[in-house]
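Structure file start-v7.cif (mmCIF, C-alpha atoms) follows.
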```
data_target
#
loop_
_atom_site.label_atom_id
_atom_site.label_comp_id
_atom_site.auth_asym_id
_atom_site.auth_seq_id
_atom_site.Cartn_x
_atom_site.Cartn_y
_atom_site.Cartn_z
CA MET X 1 -96.34 -243.04 49.40
CA LYS X 2 -95.41 -246.64 50.11
CA ASN X 3 -97.71 -249.59 49.60
CA PHE X 4 -99.88 -250.71 52.47
CA ALA X 5 -99.50 -254.39 53.21
CA VAL X 6 -100.59 -256.93 55.78
CA PRO X 7 -98.67 -256.64 59.07
CA PHE X 8 -95.24 -258.19 58.72
CA LEU X 9 -93.14 -259.10 61.73
CA VAL X 10 -89.57 -258.85 60.55
CA VAL X 11 -87.37 -261.60 61.90
CA ALA X 12 -83.70 -260.73 62.02
CA SER X 13 -81.36 -263.26 60.46
CA ALA X 14 -77.77 -263.53 59.35
CA ILE X 15 -77.21 -263.45 55.61
CA ALA X 16 -74.54 -266.13 55.54
CA SER X 17 -72.18 -267.93 57.83
CA SER X 18 -68.43 -267.37 58.00
CA SER X 19 -65.75 -267.60 60.65
CA SER X 20 -63.09 -265.74 58.67
CA ALA X 21 -64.12 -262.15 59.40
CA THR X 22 -63.44 -260.11 62.51
CA ILE X 23 -66.13 -257.42 62.57
CA THR X 24 -66.43 -254.60 65.11
CA VAL X 25 -69.73 -252.80 65.74
CA PHE X 26 -69.86 -249.04 66.39
CA THR X 27 -72.71 -246.80 67.54
CA ASN X 28 -70.62 -243.61 67.49
CA GLU X 29 -69.87 -242.07 64.09
CA SER X 30 -66.61 -240.42 65.14
CA ASP X 31 -65.30 -243.70 66.52
CA TRP X 32 -66.14 -245.50 63.26
CA ASN X 33 -64.51 -242.78 61.16
CA ASN X 34 -61.38 -242.81 63.30
CA PHE X 35 -61.15 -246.59 63.19
CA ALA X 36 -61.51 -246.63 59.39
CA ALA X 37 -58.82 -243.96 59.04
CA SER X 38 -56.46 -245.84 61.36
CA ASN X 39 -56.82 -248.87 59.09
CA GLY X 40 -55.91 -246.87 55.99
CA ALA X 41 -59.38 -246.94 54.44
CA ALA X 42 -60.94 -244.22 52.30
CA THR X 43 -64.61 -243.40 52.90
CA PHE X 44 -67.38 -242.60 50.42
CA SER X 45 -70.99 -241.63 51.25
CA GLU X 46 -74.19 -242.25 49.31
CA ASN X 47 -77.00 -239.90 50.39
CA PHE X 48 -79.55 -241.08 47.76
CA GLU X 49 -80.34 -237.53 46.64
CA THR X 50 -80.36 -238.54 42.98
CA TYR X 51 -83.10 -241.11 43.63
CA ASN X 52 -86.79 -240.56 44.34
CA GLY X 53 -89.91 -242.68 44.40
CA TYR X 54 -90.50 -246.34 43.60
CA TYR X 55 -87.93 -248.66 41.99
CA ALA X 56 -88.30 -252.28 41.00
CA SER X 57 -85.86 -254.45 42.91
CA PRO X 58 -82.89 -254.25 42.70
CA LEU X 59 -82.04 -250.57 42.87
CA THR X 60 -78.37 -250.12 42.00
CA GLY X 61 -75.71 -247.46 42.28
CA SER X 62 -71.94 -247.00 42.27
CA MET X 63 -69.40 -244.93 44.16
CA GLY X 64 -65.72 -245.17 45.03
CA GLY X 65 -65.25 -248.31 42.98
CA VAL X 66 -68.10 -250.09 44.78
CA ASN X 67 -71.28 -251.24 43.05
CA TRP X 68 -74.20 -251.55 45.45
CA ALA X 69 -77.59 -253.16 44.95
CA ALA X 70 -80.64 -252.87 47.24
CA THR X 71 -83.23 -255.62 47.06
CA ALA X 72 -86.54 -256.22 48.84
CA THR X 73 -89.73 -258.09 48.10
CA GLY X 74 -92.10 -255.65 46.39
CA GLY X 75 -89.37 -253.19 45.43
CA ILE X 76 -87.45 -250.25 46.86
CA PHE X 77 -88.71 -246.77 47.73
CA VAL X 78 -86.62 -243.61 48.20
CA GLY X 79 -88.29 -240.65 49.88
CA ALA X 80 -87.76 -237.56 51.97
CA VAL X 81 -87.17 -237.78 55.70
CA GLY X 82 -86.90 -234.16 56.77
CA THR X 83 -84.51 -232.58 54.28
CA SER X 84 -82.84 -235.88 53.42
CA GLN X 85 -83.53 -238.58 50.87
CA ALA X 86 -83.50 -242.03 52.47
CA LEU X 87 -83.46 -245.55 51.07
CA SER X 88 -86.29 -247.79 52.20
CA THR X 89 -88.55 -250.63 51.11
CA ASN X 90 -91.86 -250.39 49.30
CA ASN X 91 -93.35 -253.00 51.64
CA PRO X 92 -92.68 -253.67 55.34
CA VAL X 93 -90.09 -256.36 54.67
CA PRO X 94 -86.32 -256.78 55.15
CA MET X 95 -83.93 -254.99 52.80
CA THR X 96 -80.64 -256.51 51.62
CA LEU X 97 -77.72 -254.54 50.23
CA SER X 98 -74.92 -256.30 48.37
CA PHE X 99 -71.55 -254.89 47.36
CA THR X 100 -69.30 -255.78 44.42
CA GLY X 101 -66.59 -254.08 42.39
CA GLY X 102 -62.85 -253.56 42.34
CA SER X 103 -62.62 -252.05 45.84
CA ALA X 104 -62.93 -254.16 48.97
CA VAL X 105 -65.60 -252.90 51.36
CA GLN X 106 -64.12 -253.20 54.84
CA GLY X 107 -66.70 -251.03 56.60
CA VAL X 108 -70.34 -249.98 56.23
CA SER X 109 -72.12 -247.37 58.31
CA GLY X 110 -75.00 -244.94 58.30
CA ASN X 111 -78.23 -243.82 59.90
CA LEU X 112 -80.63 -246.73 60.35
CA TYR X 113 -84.20 -246.43 61.56
CA ALA X 114 -87.79 -247.28 60.60
CA THR X 115 -90.46 -245.24 58.85
CA ASP X 116 -94.19 -245.60 58.33
CA SER X 117 -95.99 -245.58 54.97
CA ASN X 118 -95.70 -241.77 54.79
CA PHE X 119 -91.96 -241.73 55.56
CA ASN X 120 -92.40 -240.50 59.12
CA VAL X 121 -89.78 -241.85 61.53
CA VAL X 122 -91.34 -244.31 63.98
CA ALA X 123 -89.91 -246.05 67.02
CA SER X 124 -89.08 -249.70 66.34
CA ILE X 125 -86.57 -252.46 66.89
CA VAL X 126 -84.01 -252.26 64.09
CA GLN X 127 -81.44 -254.91 63.27
CA LEU X 128 -78.45 -254.78 60.95
CA SER X 129 -76.92 -258.17 60.12
CA MET X 130 -73.66 -258.88 58.30
CA GLN X 131 -72.84 -261.85 56.09
CA ASP X 132 -70.84 -263.59 58.83
CA GLY X 133 -73.67 -263.46 61.36
CA THR X 134 -72.45 -260.38 63.25
CA SER X 135 -75.41 -258.15 64.06
CA TYR X 136 -76.59 -255.09 65.91
CA ILE X 137 -80.10 -254.83 67.31
CA GLY X 138 -81.58 -251.93 69.21
CA PHE X 139 -84.52 -249.66 69.93
CA ILE X 140 -84.32 -246.72 67.51
CA ASP X 141 -86.65 -243.72 67.38
CA SER X 142 -84.52 -241.11 65.59
CA ALA X 143 -83.29 -240.52 62.05
CA THR X 144 -79.87 -239.66 63.46
CA ALA X 145 -79.24 -243.07 65.05
CA PHE X 146 -75.85 -244.35 63.84
CA VAL X 147 -74.64 -247.91 63.37
CA GLY X 148 -71.34 -248.89 61.76
CA PHE X 149 -69.50 -252.14 61.09
CA TYR X 150 -65.83 -252.62 60.24
CA SER X 151 -64.10 -255.84 59.22
CA THR X 152 -60.34 -256.09 59.70
CA THR X 153 -60.16 -259.30 57.67
CA SER X 154 -62.68 -260.42 55.03
CA ALA X 155 -64.45 -257.82 52.91
CA ILE X 156 -68.10 -257.09 53.65
CA THR X 157 -70.20 -258.31 50.72
CA SER X 158 -73.76 -257.86 51.99
CA ILE X 159 -75.90 -256.60 54.85
CA GLN X 160 -79.53 -257.06 55.78
CA ILE X 161 -81.66 -254.43 57.53
CA THR X 162 -84.89 -255.33 59.31
CA ALA X 163 -87.42 -253.38 61.37
CA GLN X 164 -89.91 -254.76 63.88
CA PRO X 165 -93.01 -252.82 64.99
CA LEU X 166 -93.61 -252.05 68.65
CA ALA X 167 -96.79 -252.82 70.57
CA GLY X 168 -99.15 -249.86 70.26
CA GLY X 169 -97.29 -248.41 67.28
CA PRO X 170 -97.88 -248.69 63.52
CA LEU X 171 -98.34 -252.27 62.34
CA ASN X 172 -96.31 -251.66 59.19
CA VAL X 173 -92.78 -250.33 59.59
CA TYR X 174 -90.18 -250.08 56.86
CA PRO X 175 -86.40 -250.44 57.34
CA THR X 176 -84.78 -247.19 56.24
CA PHE X 177 -81.14 -246.28 55.58
CA ASP X 178 -79.56 -242.86 55.03
CA ASN X 179 -75.98 -241.61 54.69
CA MET X 180 -74.70 -245.02 53.66
CA THR X 181 -70.93 -244.83 53.97
CA PHE X 182 -68.32 -247.31 52.79
CA ALA X 183 -64.81 -247.70 54.12
CA ILE X 184 -62.83 -249.24 51.28
CA VAL X 185 -59.36 -250.46 50.52
CA PRO X 186 -58.96 -249.81 46.77
CA ALA X 187 -57.68 -252.45 44.39
CA PRO X 188 -54.09 -251.61 43.36
CA GLY X 189 -55.10 -250.48 39.88
CA ALA X 190 -57.75 -248.14 41.23
CA ILE X 191 -55.62 -246.18 43.68
CA ALA X 192 -54.30 -243.72 41.08
CA LEU X 193 -57.79 -243.10 39.69
CA LEU X 194 -59.20 -242.49 43.16
CA GLY X 195 -56.43 -240.02 43.83
CA LEU X 196 -57.38 -238.06 40.73
CA ALA X 197 -61.07 -238.12 41.55
CA GLY X 198 -60.60 -237.17 45.19
CA PHE X 199 -62.17 -238.85 48.16
CA ALA X 200 -65.48 -237.00 47.97
CA GLY X 201 -68.90 -238.63 47.99
CA ARG X 202 -72.09 -237.06 46.75
CA ARG X 203 -73.49 -234.39 49.03
CA ARG X 204 -76.99 -233.82 50.19
CA ARG X 205 -78.99 -231.13 48.40
#
```
Kindly transcribe the structure held in the file into structure tokens.
Amino acid sequence: MKNFAVPFLVVASAIASSSSATITVFTNESDWNNFAASNGAATFSENFETYNGYYASPLTGSMGGVNWAATATGGIFVGAVGTSQALSTNNPVPMTLSFTGGSAVQGVSGNLYATDSNFNVVASIVQLSMQDGTSYIGFIDSATAFVGFYSTTSAITSIQITAQPLAGGPLNVYPTFDNMTFAIVPAPGAIALLGLAGFAGRRRR
């Protein structure tokens, strides 16, 4: 169970400012996948099934040549939403994910929504912001809601996810992310290794 905290109104904000990236926003998974493929990118998915419970911030992982780190004030919490494991915060605060490694992250996508302290999906206003200021904001009330970003120029180095409670709903809502998928353009030296390993991410249990 997550910590209970004083009500926190999450204010969406851009992580950094840049005019060099051209980022497209998608709300349809097939469209995002097709766009990534048309740009020659390989995709890898992290479903968080090897994580469970509370983690001090940052929680880190690696896949497809990308190292990711999730940070939030008060720590990170991974729990079950239905039959899935989802990445969330331990307090109702924004969550930032940063990406490093030898492979350039050109796209990030997944299922974004909000949960309550017991990991039940709750309706809220969810915002995903990229490092250049590009953002998506919308009313989300389902664990299957999809949002994807793709940059045709600069690599994506970080994203921030926020959730804002609705009037009449739970005061504390937690930004939650599942099926995090990267579209990457491998560094030249990594292409052969990726070919040997195969373009397969970890699968859900």
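Minimum atom-to-atom distance to Ala114 of chain X, evaluated using all atoms listed in the file, belongs to X:Pro175 out of X:Gly40, X:Gly61, X:Gly53, X:Pro175.
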Residues within 9 Å of Ala41 of chain X, please, as a list in words. Count only C-alpha atoms; anything in the same chain fewer than 6 positions from it doesn't count. Phe35, Gln106, Gly107, Ala183, Ile184, Val185 and Pro186 of chain X
Next, dump the selected residues to file, keeping only C-alpha atoms, as a tab-separated table (two decimals), in the coordinates of the input.
```
chain	number	residue	atom	x	y	z
X	35	PHE	CA	-61.15	-246.59	63.19
X	106	GLN	CA	-64.12	-253.20	54.84
X	107	GLY	CA	-66.70	-251.03	56.60
X	183	ALA	CA	-64.81	-247.70	54.12
X	184	ILE	CA	-62.83	-249.24	51.28
X	185	VAL	CA	-59.36	-250.46	50.52
X	186	PRO	CA	-58.96	-249.81	46.77
```
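Minimum atom-to-atom distance to Thr96 of chain X, evaluated using only C-alpha atoms, belongs to X:Gln131 out of X:Asn111, X:Ser38, X:Thr153, X:Gln131.
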Quick one, how far is atom CA of Gly102 of chain X from atom CA of Gly75 of chain X? 26.7 Å
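Take the candidates X:Gly74, X:Gly101, X:Gly110, X:Gly65 and check each one against Ala143 of chain X using all atoms listed in the file; the shortest distance goes to X:Gly110.
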So that I can check the surroundings of Glu29 of chain X, please list as a PyMOL selection string every protein, DNA and RNA residue that reaches within 12 Å of it, counting all atoms listed in the file and ignoring chain neighbours fewer than 5 positions away. chain X and resi 34-36+108-111+144-150+179-181
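Taking only C-alpha atoms into account, Gln127 of chain X lies nearest to X:Gln160 out of the set X:Ser154, X:Gln160, X:Ser57, X:Thr27.
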May I ask which of the residues X:Tyr113, X:Phe77, X:Phe99, X:Phe44 is the closest one to Ile125 of chain X, counting all atoms listed in the file? X:Tyr113
When you draw a straight line from atom CA of Thr100 of chain X to atom CA of Asn47 of chain X, how long is it in Å? 18.6 Å
Compute the distance from (-89.8, -240.7, 57.0) to each atom, counting all atoms listed in the file, keep the residues with any atom at most 12 Å away, and return them as a PDB file with C-alpha atoms, in the coordinates of the input; use the coordinates of the file.
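This is the output file part10.pdb:
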```pdb
ATOM      1  CA  MET X   1     -96.340-243.040  49.400  1.00  0.00           C
ATOM      2  CA  LYS X   2     -95.410-246.640  50.110  1.00  0.00           C
ATOM      3  CA  PHE X  77     -88.710-246.770  47.730  1.00  0.00           C
ATOM      4  CA  VAL X  78     -86.620-243.610  48.200  1.00  0.00           C
ATOM      5  CA  GLY X  79     -88.290-240.650  49.880  1.00  0.00           C
ATOM      6  CA  ALA X  80     -87.760-237.560  51.970  1.00  0.00           C
ATOM      7  CA  VAL X  81     -87.170-237.780  55.700  1.00  0.00           C
ATOM      8  CA  GLY X  82     -86.900-234.160  56.770  1.00  0.00           C
ATOM      9  CA  THR X  83     -84.510-232.580  54.280  1.00  0.00           C
ATOM     10  CA  SER X  84     -82.840-235.880  53.420  1.00  0.00           C
ATOM     11  CA  GLN X  85     -83.530-238.580  50.870  1.00  0.00           C
ATOM     12  CA  ALA X  86     -83.500-242.030  52.470  1.00  0.00           C
ATOM     13  CA  LEU X  87     -83.460-245.550  51.070  1.00  0.00           C
ATOM     14  CA  SER X  88     -86.290-247.790  52.200  1.00  0.00           C
ATOM     15  CA  THR X  89     -88.550-250.630  51.110  1.00  0.00           C
ATOM     16  CA  LEU X 112     -80.630-246.730  60.350  1.00  0.00           C
ATOM     17  CA  TYR X 113     -84.200-246.430  61.560  1.00  0.00           C
ATOM     18  CA  ALA X 114     -87.790-247.280  60.600  1.00  0.00           C
ATOM     19  CA  THR X 115     -90.460-245.240  58.850  1.00  0.00           C
ATOM     20  CA  ASP X 116     -94.190-245.600  58.330  1.00  0.00           C
ATOM     21  CA  SER X 117     -95.990-245.580  54.970  1.00  0.00           C
ATOM     22  CA  ASN X 118     -95.700-241.770  54.790  1.00  0.00           C
ATOM     23  CA  PHE X 119     -91.960-241.730  55.560  1.00  0.00           C
ATOM     24  CA  ASN X 120     -92.400-240.500  59.120  1.00  0.00           C
ATOM     25  CA  VAL X 121     -89.780-241.850  61.530  1.00  0.00           C
ATOM     26  CA  VAL X 122     -91.340-244.310  63.980  1.00  0.00           C
ATOM     27  CA  ALA X 123     -89.910-246.050  67.020  1.00  0.00           C
ATOM     28  CA  ASP X 141     -86.650-243.720  67.380  1.00  0.00           C
ATOM     29  CA  SER X 142     -84.520-241.110  65.590  1.00  0.00           C
ATOM     30  CA  ALA X 143     -83.290-240.520  62.050  1.00  0.00           C
ATOM     31  CA  THR X 144     -79.870-239.660  63.460  1.00  0.00           C
ATOM     32  CA  VAL X 173     -92.780-250.330  59.590  1.00  0.00           C
ATOM     33  CA  TYR X 174     -90.180-250.080  56.860  1.00  0.00           C
ATOM     34  CA  PRO X 175     -86.400-250.440  57.340  1.00  0.00           C
ATOM     35  CA  THR X 176     -84.780-247.190  56.240  1.00  0.00           C
ATOM     36  CA  PHE X 177     -81.140-246.280  55.580  1.00  0.00           C
ATOM     37  CA  ASP X 178     -79.560-242.860  55.030  1.00  0.00           C
TER      38      ASP X 178
END
```
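Distance-wise, atom CA of Val126 of chain X and atom CA of Ile161 of chain X end up 7.3 Å apart.
Residue nearest Leu128 of chain X, chosen from X:Ala104, X:Val25, X:Asp31, X:Ile76 and counting only C-alpha atoms: X:Val25.
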Which residues match the PyMOL selection byres ((chain X and resi 63) around 10) in the file above, as a list in words? Phe44, Ser45, Glu46, Gly61, Ser62, Gly64, Gly65, Val66, Asn67, Trp68, Gly101, Ser103, Thr181, Phe182, Ala200, Gly201 and Arg202 of chain X
Could you list, as a VMD selection string, every residue matched by the PyMOL selection byres ((chain X and resi 70) around 6) in this structure? chain X and resid 58 to 59 69 71 96 to 97
Could you add the missing atoms to segment 43-75 of chain X, up to N, CA and C atoms, and return them as an mmCIF file, keeping the file's coordinate frame?
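Everything below was put into part-v6.cif:
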```
data_model
loop_
_atom_site.group_PDB
_atom_site.id
_atom_site.type_symbol
_atom_site.label_atom_id
_atom_site.label_comp_id
_atom_site.auth_asym_id
_atom_site.auth_seq_id
_atom_site.Cartn_x
_atom_site.Cartn_y
_atom_site.Cartn_z
ATOM 1 N N THR X 43 -63.169 -243.303 52.696
ATOM 2 C CA THR X 43 -64.610 -243.400 52.900
ATOM 3 C C THR X 43 -65.372 -242.636 51.829
ATOM 4 N N PHE X 44 -66.499 -243.191 51.428
ATOM 5 C CA PHE X 44 -67.380 -242.600 50.420
ATOM 6 C C PHE X 44 -68.807 -242.701 50.932
ATOM 7 N N SER X 45 -69.606 -241.647 50.761
ATOM 8 C CA SER X 45 -70.990 -241.630 51.250
ATOM 9 C C SER X 45 -71.997 -241.522 50.117
ATOM 10 N N GLU X 46 -73.056 -242.312 50.234
ATOM 11 C CA GLU X 46 -74.190 -242.250 49.310
ATOM 12 C C GLU X 46 -75.388 -241.711 50.088
ATOM 13 N N ASN X 47 -75.881 -240.533 49.683
ATOM 14 C CA ASN X 47 -77.000 -239.900 50.390
ATOM 15 C C ASN X 47 -78.324 -240.021 49.640
ATOM 16 N N PHE X 48 -78.333 -240.737 48.501
ATOM 17 C CA PHE X 48 -79.550 -241.080 47.760
ATOM 18 C C PHE X 48 -80.299 -239.870 47.213
ATOM 19 N N GLU X 49 -79.639 -238.727 47.099
ATOM 20 C CA GLU X 49 -80.340 -237.530 46.640
ATOM 21 C C GLU X 49 -80.678 -237.563 45.167
ATOM 22 N N THR X 50 -80.039 -238.443 44.405
ATOM 23 C CA THR X 50 -80.360 -238.540 42.980
ATOM 24 C C THR X 50 -81.463 -239.553 42.712
ATOM 25 N N TYR X 51 -82.020 -240.133 43.764
ATOM 26 C CA TYR X 51 -83.100 -241.110 43.630
ATOM 27 C C TYR X 51 -84.377 -240.559 44.264
ATOM 28 N N ASN X 52 -85.520 -240.979 43.747
ATOM 29 C CA ASN X 52 -86.790 -240.560 44.340
ATOM 30 C C ASN X 52 -87.916 -241.446 43.842
ATOM 31 N N GLY X 53 -88.750 -241.895 44.771
ATOM 32 C CA GLY X 53 -89.910 -242.680 44.400
ATOM 33 C C GLY X 53 -89.651 -244.174 44.372
ATOM 34 N N TYR X 54 -90.521 -244.882 43.631
ATOM 35 C CA TYR X 54 -90.500 -246.340 43.600
ATOM 36 C C TYR X 54 -89.521 -246.865 42.555
ATOM 37 N N TYR X 55 -88.824 -247.967 42.911
ATOM 38 C CA TYR X 55 -87.930 -248.660 41.990
ATOM 39 C C TYR X 55 -88.161 -250.161 42.114
ATOM 40 N N ALA X 56 -88.248 -250.831 40.964
ATOM 41 C CA ALA X 56 -88.300 -252.280 41.000
ATOM 42 C C ALA X 56 -86.976 -252.801 41.569
ATOM 43 N N SER X 57 -87.049 -253.875 42.295
ATOM 44 C CA SER X 57 -85.860 -254.450 42.910
ATOM 45 C C SER X 57 -85.054 -255.239 41.862
ATOM 46 N N PRO X 58 -83.723 -255.049 41.798
ATOM 47 C CA PRO X 58 -82.890 -254.250 42.700
ATOM 48 C C PRO X 58 -82.705 -252.819 42.213
ATOM 49 N N LEU X 59 -82.490 -251.928 43.165
ATOM 50 C CA LEU X 59 -82.040 -250.570 42.870
ATOM 51 C C LEU X 59 -80.530 -250.582 43.002
ATOM 52 N N THR X 60 -79.836 -250.032 41.999
ATOM 53 C CA THR X 60 -78.370 -250.120 42.000
ATOM 54 C C THR X 60 -77.728 -248.746 41.934
ATOM 55 N N GLY X 61 -76.492 -248.688 42.352
ATOM 56 C CA GLY X 61 -75.710 -247.460 42.280
ATOM 57 C C GLY X 61 -74.237 -247.801 42.370
ATOM 58 N N SER X 62 -73.385 -246.784 42.227
ATOM 59 C CA SER X 62 -71.940 -247.000 42.270
ATOM 60 C C SER X 62 -71.247 -245.779 42.829
ATOM 61 N N MET X 63 -70.223 -246.017 43.644
ATOM 62 C CA MET X 63 -69.400 -244.930 44.160
ATOM 63 C C MET X 63 -68.098 -245.505 44.689
ATOM 64 N N GLY X 64 -67.014 -244.768 44.486
ATOM 65 C CA GLY X 64 -65.720 -245.170 45.030
ATOM 66 C C GLY X 64 -65.247 -246.540 44.604
ATOM 67 N N GLY X 65 -65.649 -246.986 43.422
ATOM 68 C CA GLY X 65 -65.250 -248.310 42.980
ATOM 69 C C GLY X 65 -66.101 -249.433 43.517
ATOM 70 N N VAL X 66 -67.193 -249.094 44.226
ATOM 71 C CA VAL X 66 -68.100 -250.090 44.780
ATOM 72 C C VAL X 66 -69.437 -250.011 44.055
ATOM 73 N N ASN X 67 -69.934 -251.149 43.598
ATOM 74 C CA ASN X 67 -71.280 -251.240 43.050
ATOM 75 C C ASN X 67 -72.198 -251.793 44.126
ATOM 76 N N TRP X 68 -73.275 -251.073 44.434
ATOM 77 C CA TRP X 68 -74.200 -251.550 45.450
ATOM 78 C C TRP X 68 -75.560 -251.845 44.828
ATOM 79 N N ALA X 69 -76.262 -252.783 45.423
ATOM 80 C CA ALA X 69 -77.590 -253.160 44.950
ATOM 81 C C ALA X 69 -78.497 -253.380 46.161
ATOM 82 N N ALA X 70 -79.654 -252.722 46.166
ATOM 83 C CA ALA X 70 -80.640 -252.870 47.240
ATOM 84 C C ALA X 70 -81.800 -253.704 46.724
ATOM 85 N N THR X 71 -82.142 -254.743 47.457
ATOM 86 C CA THR X 71 -83.230 -255.620 47.060
ATOM 87 C C THR X 71 -84.209 -255.810 48.211
ATOM 88 N N ALA X 72 -85.491 -255.945 47.859
ATOM 89 C CA ALA X 72 -86.540 -256.220 48.840
ATOM 90 C C ALA X 72 -87.763 -256.724 48.086
ATOM 91 N N THR X 73 -88.503 -257.597 48.694
ATOM 92 C CA THR X 73 -89.730 -258.090 48.100
ATOM 93 C C THR X 73 -90.701 -256.930 47.896
ATOM 94 N N GLY X 74 -91.169 -256.746 46.673
ATOM 95 C CA GLY X 74 -92.100 -255.650 46.390
ATOM 96 C C GLY X 74 -91.419 -254.375 45.952
ATOM 97 N N GLY X 75 -90.079 -254.354 45.932
ATOM 98 C CA GLY X 75 -89.370 -253.190 45.430
ATOM 99 C C GLY X 75 -88.800 -252.284 46.495
#
```
